[in-house]
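Coordinates from data.txt are shown below (compact mmCIF, C-alpha atoms).
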```
# COMPACT_ATOMS: atom_id res chain seq x y z
CA MET A 1184 112.21 145.21 85.17
CA SER A 1185 111.49 147.47 88.16
CA ASP A 1186 110.35 146.12 91.51
CA LYS A 1187 107.31 148.36 91.40
CA LYS A 1188 106.05 146.75 88.21
CA ILE A 1189 106.32 143.27 89.76
CA ILE A 1190 104.37 144.32 92.86
CA LEU A 1191 101.62 145.85 90.76
CA TRP A 1192 101.38 142.69 88.69
CA LEU A 1193 101.07 140.37 91.69
CA THR A 1194 98.39 142.50 93.29
CA ASN A 1195 96.40 142.65 90.04
CA PRO A 1196 97.05 139.32 88.30
CA ILE A 1197 93.97 139.42 86.07
CA VAL A 1198 95.56 141.85 83.62
CA SER A 1199 95.85 140.22 80.23
CA SER A 1200 99.06 140.11 78.30
CA ASP A 1201 97.55 142.36 75.65
CA ASP A 1202 97.09 145.15 78.21
CA SER A 1203 100.51 144.82 79.77
CA ASP A 1204 102.09 147.73 77.89
CA SER A 1205 99.35 150.28 78.63
CA SER A 1206 99.16 149.12 82.23
CA CYS A 1207 102.86 149.63 82.57
CA TRP A 1208 102.70 153.21 81.28
CA SER A 1209 99.70 154.31 83.33
CA ASP A 1210 100.91 152.82 86.62
CA LEU A 1211 104.51 153.87 86.27
CA SER A 1212 104.17 157.39 84.92
CA SER A 1213 107.07 158.47 87.10
CA VAL A 1214 109.43 156.08 85.36
CA LYS A 1215 111.36 157.42 82.41
CA SER A 1216 109.86 156.43 79.06
CA GLU A 1217 113.15 155.11 77.76
CA SER A 1218 113.37 152.67 80.72
CA CYS A 1219 109.99 151.15 79.87
CA GLU A 1220 110.93 150.84 76.23
CA GLU A 1221 114.00 148.85 77.18
CA GLU A 1222 111.97 146.52 79.39
CA ASP A 1223 109.01 146.21 77.04
CA GLU A 1224 110.28 143.02 75.43
CA ASP A 1225 110.85 141.36 78.84
CA ASP A 1226 107.31 142.26 79.90
CA ARG A 1227 105.80 140.45 76.93
CA LEU A 1228 107.45 137.25 78.14
CA PHE A 1229 107.10 137.73 81.89
CA PHE A 1230 103.43 138.73 82.19
CA PRO A 1231 101.90 135.81 80.24
CA LEU A 1232 104.13 133.36 82.14
CA MET A 1233 102.96 134.76 85.49
CA GLN A 1234 99.35 134.63 84.31
CA TYR A 1235 99.73 131.00 83.36
CA LEU A 1236 101.33 129.97 86.66
CA ILE A 1237 98.77 131.81 88.76
CA ARG A 1238 95.87 130.33 86.80
CA LEU A 1239 97.33 126.86 87.34
CA ARG A 1240 97.52 127.52 91.04
CA ARG A 1241 93.96 128.77 91.17
CA ILE A 1242 92.52 125.64 89.60
CA ARG A 1243 90.17 124.07 92.14
CA VAL A 1244 91.21 120.57 93.09
CA ASP A 1245 87.59 119.88 94.10
CA ASP A 1246 87.66 118.54 90.59
CA TYR A 1247 89.86 115.76 91.93
CA LEU A 1248 86.63 113.89 92.64
CA HIS A 1249 85.88 114.04 88.93
CA ILE A 1250 89.40 112.84 88.22
CA VAL A 1251 88.89 109.85 90.53
CA ASP A 1252 85.54 109.12 88.87
CA SER A 1253 87.24 109.20 85.47
CA TRP A 1254 89.72 106.47 86.44
CA THR A 1255 89.20 103.02 85.03
CA ASP A 1256 88.33 100.31 87.53
CA ALA A 1257 91.91 99.03 87.33
CA GLU A 1258 93.35 102.53 87.98
CA PHE A 1259 90.94 103.04 90.89
CA LYS A 1260 91.99 99.81 92.54
CA ASN A 1261 95.69 100.35 91.91
CA ARG A 1262 95.63 103.81 93.51
CA LEU A 1263 93.10 103.35 96.33
CA ARG A 1264 93.58 99.58 96.89
CA LEU A 1265 89.85 98.79 96.94
CA SER A 1266 87.52 98.00 94.08
CA ARG A 1267 84.93 100.63 93.19
CA LYS A 1268 82.17 98.26 94.28
CA THR A 1269 83.65 97.80 97.77
CA ALA A 1270 84.37 101.52 98.09
CA TYR A 1271 80.82 102.51 97.11
CA ILE A 1272 79.31 100.05 99.61
CA LEU A 1273 81.40 101.60 102.39
CA ILE A 1274 80.75 105.17 101.23
CA ASP A 1275 77.01 104.50 101.38
CA ASP A 1276 77.38 103.20 104.95
CA LEU A 1277 79.54 106.18 105.90
CA GLU A 1278 76.95 108.60 104.53
CA LYS A 1279 74.25 107.05 106.72
CA SER A 1280 76.46 106.86 109.82
CA GLY A 1281 76.37 110.52 110.84
CA PHE A 1282 80.14 110.54 111.40
CA ILE A 1283 80.62 113.12 108.65
CA ALA A 1284 79.14 116.54 109.48
CA THR A 1285 76.24 117.62 107.28
CA HIS A 1286 76.72 121.31 108.15
CA LYS A 1287 79.75 123.52 108.58
CA PHE A 1288 78.37 126.81 109.87
CA GLY A 1289 77.51 128.19 106.46
CA LEU A 1290 80.40 126.54 104.62
CA LYS A 1291 79.92 123.65 102.25
CA PRO A 1292 80.73 120.43 104.18
CA LEU A 1293 83.02 117.74 102.81
CA GLU A 1294 80.88 114.99 101.35
CA PRO A 1295 81.33 111.39 102.62
CA LYS A 1296 82.63 110.23 99.25
CA LEU A 1297 85.44 112.79 99.37
CA CYS A 1298 86.21 111.94 103.01
CA PHE A 1299 86.49 108.24 102.24
CA TYR A 1300 88.80 108.90 99.30
CA ILE A 1301 91.01 111.04 101.54
CA PHE A 1302 91.22 108.18 104.04
CA LEU A 1303 91.99 105.62 101.33
CA SER A 1304 94.71 107.89 99.94
CA PHE A 1305 96.22 107.98 103.43
CA ILE A 1306 96.09 104.27 104.23
CA ALA A 1307 97.01 103.04 100.75
CA ASN A 1308 100.36 104.86 100.72
CA THR A 1309 103.13 106.09 103.00
CA GLU A 1310 103.21 109.65 101.64
CA PRO A 1311 102.89 112.60 104.07
CA LEU A 1312 99.63 114.47 104.60
CA THR A 1313 100.76 117.52 102.61
CA PRO A 1314 100.38 116.05 99.10
CA ILE A 1315 97.08 114.43 100.09
CA ALA A 1316 95.77 117.76 101.37
CA THR A 1317 96.99 119.49 98.21
CA ARG A 1318 95.26 117.01 95.91
CA PHE A 1319 91.94 117.41 97.68
CA ASP A 1320 92.38 121.18 98.19
CA ILE A 1321 91.85 121.21 101.96
CA SER A 1322 94.13 122.11 104.85
CA ILE A 1323 96.46 119.59 106.47
CA SER A 1324 94.57 119.87 109.77
CA SER A 1325 91.26 119.20 108.00
CA THR A 1326 92.81 116.23 106.20
CA PHE A 1327 93.96 114.70 109.49
CA ARG A 1328 90.55 115.40 111.06
CA VAL A 1329 88.79 113.61 108.19
CA ILE A 1330 91.12 110.60 108.50
CA ARG A 1331 90.42 110.31 112.23
CA ARG A 1332 86.67 110.57 111.63
CA VAL A 1333 86.67 107.78 109.06
CA ILE A 1334 88.85 105.59 111.30
CA ALA A 1335 86.47 106.19 114.23
CA TRP A 1336 83.57 105.15 112.01
CA LEU A 1337 85.35 101.99 110.84
CA LEU A 1338 86.08 100.99 114.43
CA THR A 1339 82.32 100.92 115.12
CA LYS A 1340 82.12 98.13 112.52
CA LEU A 1341 84.73 95.96 114.24
CA ASN A 1342 82.32 93.44 115.78
CA HIS A 1343 80.45 93.15 112.50
CA ALA A 1344 83.52 92.73 110.29
CA VAL A 1345 85.83 90.70 112.58
CA LYS A 1346 83.72 87.90 114.05
CA TRP A 1347 84.65 84.76 115.91
CA PRO A 1348 82.86 81.72 114.43
CA THR A 1349 80.12 80.61 116.80
CA GLU A 1350 77.52 78.89 114.63
CA TYR A 1351 77.95 75.15 114.13
CA ASN A 1352 77.93 75.45 110.34
CA GLU A 1353 80.60 78.19 110.46
CA VAL A 1354 82.86 76.09 112.68
CA LYS A 1355 82.35 73.02 110.52
CA THR A 1356 83.10 74.90 107.28
CA ILE A 1357 86.31 76.43 108.63
CA CYS A 1358 87.55 73.08 109.96
CA GLU A 1359 86.79 71.40 106.64
CA ASN A 1360 88.64 74.11 104.72
CA PHE A 1361 91.70 73.74 106.95
CA HIS A 1362 91.55 69.96 106.57
CA THR A 1363 91.46 70.32 102.80
CA ARG A 1364 94.49 72.60 102.88
CA SER A 1365 96.57 70.81 105.51
CA GLY A 1366 95.16 67.38 106.17
CA ILE A 1367 94.79 68.17 109.89
CA SER A 1368 91.31 67.93 111.44
CA ASN A 1369 89.61 70.33 113.87
CA ILE A 1370 91.74 73.43 113.19
CA LEU A 1371 89.58 76.50 113.81
CA GLY A 1372 92.28 79.07 113.14
CA VAL A 1373 95.92 80.09 112.99
CA ILE A 1374 97.24 82.52 115.60
CA ASP A 1375 100.23 84.70 114.79
CA CYS A 1376 101.79 88.13 115.36
CA THR A 1377 103.36 90.74 113.13
CA HIS A 1378 105.31 93.89 113.97
CA ILE A 1379 104.10 97.30 112.79
CA LYS A 1380 107.11 99.58 112.37
CA ILE A 1381 106.86 103.01 114.04
CA GLU A 1382 109.07 106.01 114.67
CA LYS A 1383 111.06 106.11 117.91
CA PRO A 1384 108.53 106.81 120.70
CA THR A 1385 109.12 108.52 124.05
CA ASN A 1386 109.55 105.27 126.01
CA ALA A 1387 111.73 103.80 123.29
CA THR A 1388 113.08 100.77 125.17
CA ARG A 1389 109.66 99.13 125.50
CA TYR A 1390 108.98 99.44 121.78
CA CYS A 1391 112.35 98.25 120.46
CA ASN A 1392 111.90 94.69 119.21
CA SER A 1393 114.40 91.86 118.82
CA LYS A 1394 115.17 92.93 115.25
CA GLY A 1395 116.35 96.33 116.43
CA TYR A 1396 113.56 98.62 115.26
CA PHE A 1397 110.58 100.20 117.04
CA SER A 1398 107.19 98.60 116.65
CA ILE A 1399 103.81 97.72 118.03
CA ILE A 1400 102.46 94.20 117.74
CA LEU A 1401 99.37 93.01 115.89
CA GLN A 1402 98.13 89.60 117.03
CA VAL A 1403 95.44 87.94 114.91
CA THR A 1404 93.70 84.66 114.41
CA ILE A 1405 92.70 83.81 110.86
CA ASP A 1406 90.45 81.25 109.22
CA ALA A 1407 91.26 79.14 106.16
CA ASN A 1408 90.23 82.00 103.84
CA MET A 1409 92.60 84.49 105.52
CA ARG A 1410 89.80 86.38 107.26
CA PHE A 1411 90.71 87.81 110.63
CA THR A 1412 88.50 86.27 113.32
CA ASN A 1413 90.17 88.02 116.25
CA ILE A 1414 92.43 91.07 116.58
CA TYR A 1415 94.58 92.30 119.44
CA CYS A 1416 96.80 95.26 118.66
CA GLY A 1417 99.01 97.84 120.36
CA GLU A 1418 101.36 95.98 122.69
CA PRO A 1419 104.98 97.26 122.53
CA GLY A 1420 107.39 95.51 120.20
CA SER A 1421 109.72 94.31 122.95
CA LEU A 1422 107.17 91.69 124.08
CA SER A 1423 107.33 88.11 122.87
CA SER A 1424 104.38 86.49 121.10
CA VAL A 1425 103.69 84.44 124.24
CA ARG A 1426 103.48 87.52 126.46
CA VAL A 1427 101.21 89.24 123.97
CA LEU A 1428 98.97 86.17 123.89
CA LYS A 1429 98.72 86.02 127.68
CA LYS A 1430 97.77 89.70 127.85
CA SER A 1431 95.04 89.31 125.22
CA PRO A 1432 91.34 88.79 126.00
CA LEU A 1433 91.46 85.70 123.77
CA PHE A 1434 93.76 83.91 126.20
CA LYS A 1435 91.55 84.67 129.20
CA THR A 1436 88.37 83.54 127.45
CA ALA A 1437 89.89 80.36 126.02
CA SER A 1438 91.46 79.44 129.37
CA GLN A 1439 88.26 79.96 131.33
CA ASN A 1440 85.73 78.61 128.86
CA ARG A 1441 87.35 76.65 126.09
CA ASN A 1442 84.14 74.95 124.93
CA MET A 1443 82.44 78.27 124.33
CA LEU A 1444 85.29 79.59 122.18
CA LEU A 1445 86.55 76.35 120.62
CA PRO A 1446 83.71 73.80 120.65
CA HIS A 1447 83.80 70.18 119.48
CA ASN A 1448 87.50 69.70 120.35
CA THR A 1449 88.60 72.35 117.90
CA PHE A 1450 91.85 74.22 118.48
CA LEU A 1451 94.19 76.91 117.18
CA ILE A 1452 97.64 76.29 115.76
CA GLY A 1453 100.68 78.55 116.15
CA HIS A 1454 104.43 78.59 115.62
CA SER A 1455 106.92 76.88 117.95
CA GLY A 1456 107.22 79.98 120.14
CA TYR A 1457 103.71 79.39 121.49
CA PRO A 1458 103.07 77.07 124.45
CA SER A 1459 101.25 73.77 124.08
CA LEU A 1460 97.76 74.25 125.55
CA PRO A 1461 94.51 72.25 125.38
CA TRP A 1462 93.25 74.74 122.78
CA LEU A 1463 96.56 75.80 121.16
CA VAL A 1464 98.81 73.34 119.30
CA PRO A 1465 102.35 74.31 118.24
CA PRO A 1466 104.52 71.96 116.15
CA PHE A 1467 106.64 69.28 117.80
CA ARG A 1468 110.02 70.60 118.87
CA GLU A 1469 112.56 69.65 116.25
CA ASN A 1470 115.07 67.09 117.50
CA SER A 1471 116.60 63.82 116.40
CA ARG A 1472 114.04 61.75 118.30
CA LEU A 1473 110.95 62.85 116.33
CA THR A 1474 109.05 59.99 114.71
CA MET A 1475 108.07 59.98 111.04
CA GLN A 1476 104.47 60.72 112.03
CA GLN A 1477 105.56 63.69 114.12
CA ARG A 1478 107.70 65.04 111.29
CA GLU A 1479 104.81 64.64 108.88
CA PHE A 1480 102.52 66.46 111.31
CA ASN A 1481 105.02 69.32 111.53
CA SER A 1482 105.09 69.57 107.75
CA LEU A 1483 101.29 69.74 107.53
CA HIS A 1484 101.24 72.15 110.48
CA ALA A 1485 103.69 74.48 108.72
CA SER A 1486 101.61 74.34 105.54
CA ALA A 1487 98.52 75.55 107.41
CA ARG A 1488 100.48 78.25 109.27
CA ARG A 1489 101.71 79.77 106.02
CA LEU A 1490 98.26 81.28 105.67
CA SER A 1491 99.09 83.80 108.41
CA ASN A 1492 102.17 85.05 106.55
CA LYS A 1493 100.09 85.33 103.41
CA ALA A 1494 97.40 87.29 105.26
CA PHE A 1495 99.94 89.70 106.77
CA ASN A 1496 101.60 90.22 103.38
CA LEU A 1497 98.22 90.92 101.82
CA LEU A 1498 97.31 93.40 104.57
CA LYS A 1499 100.58 95.32 104.33
CA SER A 1500 100.78 95.38 100.56
CA ARG A 1501 97.18 96.49 100.11
CA PHE A 1502 97.39 99.12 102.86
CA LYS A 1503 100.99 100.29 102.67
CA ARG A 1504 100.63 102.69 105.60
CA ILE A 1505 100.72 99.60 107.84
CA LYS A 1506 104.28 98.85 106.77
CA LEU A 1507 105.70 101.95 108.41
CA PHE A 1508 104.23 104.87 110.36
CA THR A 1509 106.53 107.82 109.79
CA VAL A 1510 105.93 111.12 111.64
CA TYR A 1511 103.02 109.74 113.66
CA ARG A 1512 103.94 109.04 117.29
CA ASN A 1513 100.52 108.72 118.91
CA ILE A 1514 100.30 105.00 119.68
CA THR A 1515 96.52 105.11 120.01
CA PHE A 1516 96.14 106.64 116.55
CA ILE A 1517 98.54 104.11 115.05
CA THR A 1518 96.74 101.20 116.72
CA ASP A 1519 93.34 102.44 115.56
CA THR A 1520 94.64 102.80 112.01
CA VAL A 1521 95.97 99.23 112.00
CA VAL A 1522 92.66 97.86 113.30
CA ALA A 1523 90.79 99.90 110.67
CA ALA A 1524 92.99 98.31 107.99
CA CYS A 1525 92.15 94.84 109.36
CA ILE A 1526 88.44 95.68 109.16
CA LEU A 1527 88.85 96.78 105.53
CA HIS A 1528 90.82 93.59 104.84
CA ASN A 1529 87.82 91.50 105.91
CA TYR A 1530 85.36 93.65 103.96
CA CYS A 1531 87.44 93.13 100.83
CA LEU A 1532 87.49 89.35 101.31
CA ASN A 1533 83.74 89.30 101.92
CA GLU A 1534 83.21 91.18 98.65
CA ASN A 1535 85.67 88.94 96.76
CA ASP A 1536 87.76 92.06 96.25
CA ASN A 1537 91.02 90.28 95.50
CA PHE A 1538 94.38 91.96 95.44
CA ASN A 1539 97.82 91.03 94.17
CA GLU A 1540 99.86 91.08 97.39
CA THR A 1541 103.09 91.68 95.50
CA ALA A 1542 101.75 94.98 94.14
```
Output the structure of this file as structure tokens.
Amino acid sequence: MSDKKIILWLTNPIVSSDDSDSSCWSDLSSVKSESCEEEDEDDRLFFPLMQYLIRLRRIRVDDYLHIVDSWTDAEFKNRLRLSRKTAYILIDDLEKSGFIATHKFGLKPLEPKLCFYIFLSFIANTEPLTPIATRFDISISSTFRVIRRVIAWLLTKLNHAVKWPTEYNEVKTICENFHTRSGISNILGVIDCTHIKIEKPTNATRYCNSKGYFSIILQVTIDANMRFTNIYCGEPGSLSSVRVLKKSPLFKTASQNRNMLLPHNTFLIGHSGYPSLPWLVPPFRENSRLTMQQREFNSLHASARRLSNKAFNLLKSRFKRIKLFTVYRNITFITDTVVAACILHNYCLNENDNFNETA
């Protein structure tokens, strides 16, 4: 087949396979007739194949919204990690927020529903932006812009979604739930840290943790239902949990006004790396001189602390992006994404949107 025929086909791909022979003769009148006769059989195979491939490529993936809507509830949750009910509640809030542009200088704007699905596709998986952009038929730069917009919107909901218990009934309920689980009275929360793995940053030494990889640290306090009641995120991975605690606003507030933050002799519990403070109780240091009561307390203490591991596992399995940030090196963006995931975590718990953390 001549090069000229291929060029003509690609510049006029709407020609049907039935017209391929006549098109060949009219456009290539300078080519010897015997040459076209020899290639005629190849054309019959080549042209329809090219038509098919080009038509596939031209299919609009705007229809991906319809594909998402056609998923069963189980498929929706498995792919986007939220139930439809939770997603629709948040989409409705996003639509009213004004964070998604309602005009685009004559172009059709991306609707909030589509924007939220793009964000969920990003945070639910560790895949690059390219396949996400391809699925939703928008550019990579537009995809990243949408993700940042939705994250910015979620961050405005931080104080609403992640709240420290202040009402007497809230405090009482949390303490009772912890007592039921552990047998220890007056626990208002568990404090713990987890490392968020990142690519090697510019100032690599500060972000290299004791396990030998680069990370930022997420410090949280959780209640007995695994809700986050306080979040502090973004410190470099080389810091210990104690140093992160002392740099956090929680430490300053609790040290200056314990009764406001932890009323009625309530306290937090943490692992043995934390210091013993009036409002923070670690386990007794293991040694041969511990009494039976102290060993029993440590056992109950460890039982209550397991909730933090469970909460972190749930967060990272539901929103897999939190496990590892490849490509992205902007620490602010990574931190904001982690906090946004924590906000979604609480929304899901509030809506009884359960998730199998081993998924």
Check your understanding: In Å, with one decimal, what is the gap from atom CA of A:Ala1523 to atom CA of A:Ala1344?
Key ->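 Those two atoms sit 10.2 Å apart.
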Review point. Counting all atoms listed in the file, what is within 9 Å of A:Ile1381, bar same-chain residues fewer than 5 positions away, as a list in words?
Key: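 The residues that qualify are Tyr1390, Tyr1396, Phe1397, Ser1398, Ile1399, Lys1506, Leu1507, Phe1508, Thr1509, Val1510, Tyr1511, Arg1512, Ile1514 and Ile1517 of chain A.
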Practice item. Give the answer as one residue: which of A:Ile1321, A:Ile1414, A:Leu1463, A:Val1329 has the shortest atom-to-atom distance to A:Phe1302, using only C-alpha atoms? Key: A:Val1329
Check your understanding: Can you list, as a list in words, every protein, DNA or RNA residue that comes within 9 Å of stretch 1303-1316 of chain A when you count only C-alpha atoms, leaving out same-chain residues fewer than 6 positions away?
Key -> Arg1262, Leu1263, Arg1264, Leu1265, Ser1322, Ile1323, Ser1324, Ser1325, Thr1326, Phe1327, Ile1330, Ser1500, Arg1501, Phe1502, Lys1503, Arg1504, Ile1505, Lys1506, Leu1507, Phe1508, Thr1509, Val1510, Thr1520 and Ala1524 of chain A
Exercise for review: Between A:Ala1485, A:Trp1336, A:Phe1259, A:Phe1411, single out the one closest to A:Ile1283, counting only C-alpha atoms.
Suggested key: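 Once distances to A:Ile1283 are computed over only C-alpha atoms, the minimum belongs to A:Trp1336.
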Review point. Suppose you want the space between atom CA of A:Arg1441 and atom CA of A:His1378; what is it in Å?
Key: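 Separation between atom CA of A:Arg1441 and atom CA of A:His1378: 27.7 Å.
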Polymer residues at most 10 Å from (95.1, 90.5, 96.1) by all atoms listed in the file, as an mmCIF file with C-alpha atoms, in the frame of the given file:
```cif
data_model
loop_
_atom_site.group_PDB
_atom_site.id
_atom_site.type_symbol
_atom_site.label_atom_id
_atom_site.label_comp_id
_atom_site.auth_asym_id
_atom_site.auth_seq_id
_atom_site.Cartn_x
_atom_site.Cartn_y
_atom_site.Cartn_z
ATOM 1 C CA ARG A 1264 93.580 99.580 96.890
ATOM 2 C CA LEU A 1265 89.850 98.790 96.940
ATOM 3 C CA ALA A 1494 97.400 87.290 105.260
ATOM 4 C CA ASN A 1496 101.600 90.220 103.380
ATOM 5 C CA LEU A 1497 98.220 90.920 101.820
ATOM 6 C CA LEU A 1498 97.310 93.400 104.570
ATOM 7 C CA SER A 1500 100.780 95.380 100.560
ATOM 8 C CA ARG A 1501 97.180 96.490 100.110
ATOM 9 C CA CYS A 1531 87.440 93.130 100.830
ATOM 10 C CA LEU A 1532 87.490 89.350 101.310
ATOM 11 C CA ASN A 1535 85.670 88.940 96.760
ATOM 12 C CA ASP A 1536 87.760 92.060 96.250
ATOM 13 C CA ASN A 1537 91.020 90.280 95.500
ATOM 14 C CA PHE A 1538 94.380 91.960 95.440
ATOM 15 C CA ASN A 1539 97.820 91.030 94.170
ATOM 16 C CA GLU A 1540 99.860 91.080 97.390
ATOM 17 C CA THR A 1541 103.090 91.680 95.500
ATOM 18 C CA ALA A 1542 101.750 94.980 94.140
#
```
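Atom CA of A:Ser1482 to atom CA of A:Thr1356 spans 22.6 Å [interatomic distance, one decimal].
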**Study point:** Nearest to A:Ala1270 by atom-to-atom distance, counting all atoms listed in the file, from A:Leu1527, A:Glu1469, A:Thr1412, A:Ser1365
**Key:**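 Nearest candidate to A:Ala1270 out of A:Leu1527, A:Glu1469, A:Thr1412, A:Ser1365: A:Leu1527.
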Practice item. Measuring atom to atom with all atoms listed in the file, identify which of A:Leu1483, A:Ile1334, A:Ala1407, A:Leu1273 is nearest to A:Asp1519. Key: A:Ile1334
Exercise for review: Please determine the residues with any atom at most 8 Å from (98.5, 95.6, 122.4) (coordinates as given in the file, with only C-alpha atoms counting) and report them as a ChimeraX atom specification.
Suggested key: /A:1399-1401,1415-1419,1427,1431
Prev. selection, C-alpha atoms, output as a PDB file, keeping the file's coordinate frame:
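Result file is part28.pdb:
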```
ATOM      1  CA  ILE A1399     103.810  97.720 118.030  1.00  0.00           C
ATOM      2  CA  ILE A1400     102.460  94.200 117.740  1.00  0.00           C
ATOM      3  CA  LEU A1401      99.370  93.010 115.890  1.00  0.00           C
ATOM      4  CA  TYR A1415      94.580  92.300 119.440  1.00  0.00           C
ATOM      5  CA  CYS A1416      96.800  95.260 118.660  1.00  0.00           C
ATOM      6  CA  GLY A1417      99.010  97.840 120.360  1.00  0.00           C
ATOM      7  CA  GLU A1418     101.360  95.980 122.690  1.00  0.00           C
ATOM      8  CA  PRO A1419     104.980  97.260 122.530  1.00  0.00           C
ATOM      9  CA  VAL A1427     101.210  89.240 123.970  1.00  0.00           C
ATOM     10  CA  SER A1431      95.040  89.310 125.220  1.00  0.00           C
TER      11      SER A1431
END
```
Residues near stretch 1249-1253 of chain A, anyone? I mean within 10 Å using all atoms listed in the file, not counting same-chain ones fewer than 2 positions away, as a PDB file with C-alpha atoms, in the coordinates of the input.
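Everything below was put into selection-v6.pdb:
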```pdb
ATOM      1  CA  VAL A1244      91.210 120.570  93.090  1.00  0.00           C
ATOM      2  CA  ASP A1245      87.590 119.880  94.100  1.00  0.00           C
ATOM      3  CA  ASP A1246      87.660 118.540  90.590  1.00  0.00           C
ATOM      4  CA  TYR A1247      89.860 115.760  91.930  1.00  0.00           C
ATOM      5  CA  THR A1255      89.200 103.020  85.030  1.00  0.00           C
ATOM      6  CA  ASP A1256      88.330 100.310  87.530  1.00  0.00           C
ATOM      7  CA  GLU A1258      93.350 102.530  87.980  1.00  0.00           C
ATOM      8  CA  PHE A1259      90.940 103.040  90.890  1.00  0.00           C
ATOM      9  CA  ARG A1262      95.630 103.810  93.510  1.00  0.00           C
ATOM     10  CA  LEU A1263      93.100 103.350  96.330  1.00  0.00           C
ATOM     11  CA  ARG A1267      84.930 100.630  93.190  1.00  0.00           C
ATOM     12  CA  LEU A1297      85.440 112.790  99.370  1.00  0.00           C
ATOM     13  CA  TYR A1300      88.800 108.900  99.300  1.00  0.00           C
TER      14      TYR A1300
END
```
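Each of A:Phe1319, A:Tyr1457, A:Phe1495, A:Phe1480 was checked against A:Cys1298 using all atoms listed in the file; the smallest atom-to-atom distance is that of A:Phe1319.
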Point to revise | Using all atoms listed in the file: which of A:Phe1450, A:Phe1299, A:Tyr1530, A:Trp1347 has the shortest distance to A:Ile1367 | key: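 For A:Ile1367, the nearest of the given residues is A:Phe1450.
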Would you kindly place N, CA, C and O atoms on stretch 1408-1419 of chain A and return the model as a tab-separated table (two decimals), keeping the file's coordinate frame?
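Saved result, out.tsv, follows:
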```tsv
chain	number	residue	atom	x	y	z
A	1408	ASN	N	90.34	81.07	104.97
A	1408	ASN	CA	90.23	82.00	103.84
A	1408	ASN	C	90.94	83.32	104.12
A	1408	ASN	O	90.70	84.31	103.44
A	1409	MET	N	91.79	83.32	105.14
A	1409	MET	CA	92.60	84.49	105.52
A	1409	MET	C	91.78	85.63	106.12
A	1409	MET	O	92.26	86.76	106.20
A	1410	ARG	N	90.57	85.37	106.53
A	1410	ARG	CA	89.80	86.38	107.26
A	1410	ARG	C	90.29	86.45	108.70
A	1410	ARG	O	90.58	85.42	109.31
A	1411	PHE	N	90.35	87.65	109.23
A	1411	PHE	CA	90.71	87.81	110.63
A	1411	PHE	C	89.47	87.51	111.47
A	1411	PHE	O	88.41	88.09	111.27
A	1412	THR	N	89.62	86.60	112.43
A	1412	THR	CA	88.50	86.27	113.32
A	1412	THR	C	88.70	86.87	114.71
A	1412	THR	O	87.77	86.87	115.52
A	1413	ASN	N	89.90	87.35	114.99
A	1413	ASN	CA	90.17	88.02	116.25
A	1413	ASN	C	91.38	88.92	116.07
A	1413	ASN	O	92.33	88.55	115.37
A	1414	ILE	N	91.34	90.10	116.70
A	1414	ILE	CA	92.43	91.07	116.58
A	1414	ILE	C	92.79	91.58	117.96
A	1414	ILE	O	91.92	91.89	118.77
A	1415	TYR	N	94.08	91.67	118.21
A	1415	TYR	CA	94.58	92.30	119.44
A	1415	TYR	C	95.80	93.10	119.04
A	1415	TYR	O	96.80	92.54	118.58
A	1416	CYS	N	95.75	94.41	119.22
A	1416	CYS	CA	96.80	95.26	118.66
A	1416	CYS	C	97.22	96.34	119.64
A	1416	CYS	O	96.40	96.84	120.42
A	1417	GLY	N	98.52	96.69	119.61
A	1417	GLY	CA	99.01	97.84	120.36
A	1417	GLY	C	100.05	97.56	121.41
A	1417	GLY	O	100.65	98.49	121.95
A	1418	GLU	N	100.32	96.29	121.70
A	1418	GLU	CA	101.36	95.98	122.69
A	1418	GLU	C	102.73	96.38	122.13
A	1418	GLU	O	102.97	96.29	120.92
A	1419	PRO	N	103.66	96.82	123.00
A	1419	PRO	CA	104.98	97.26	122.53
A	1419	PRO	C	105.79	96.13	121.93
A	1419	PRO	O	105.67	94.97	122.31
```
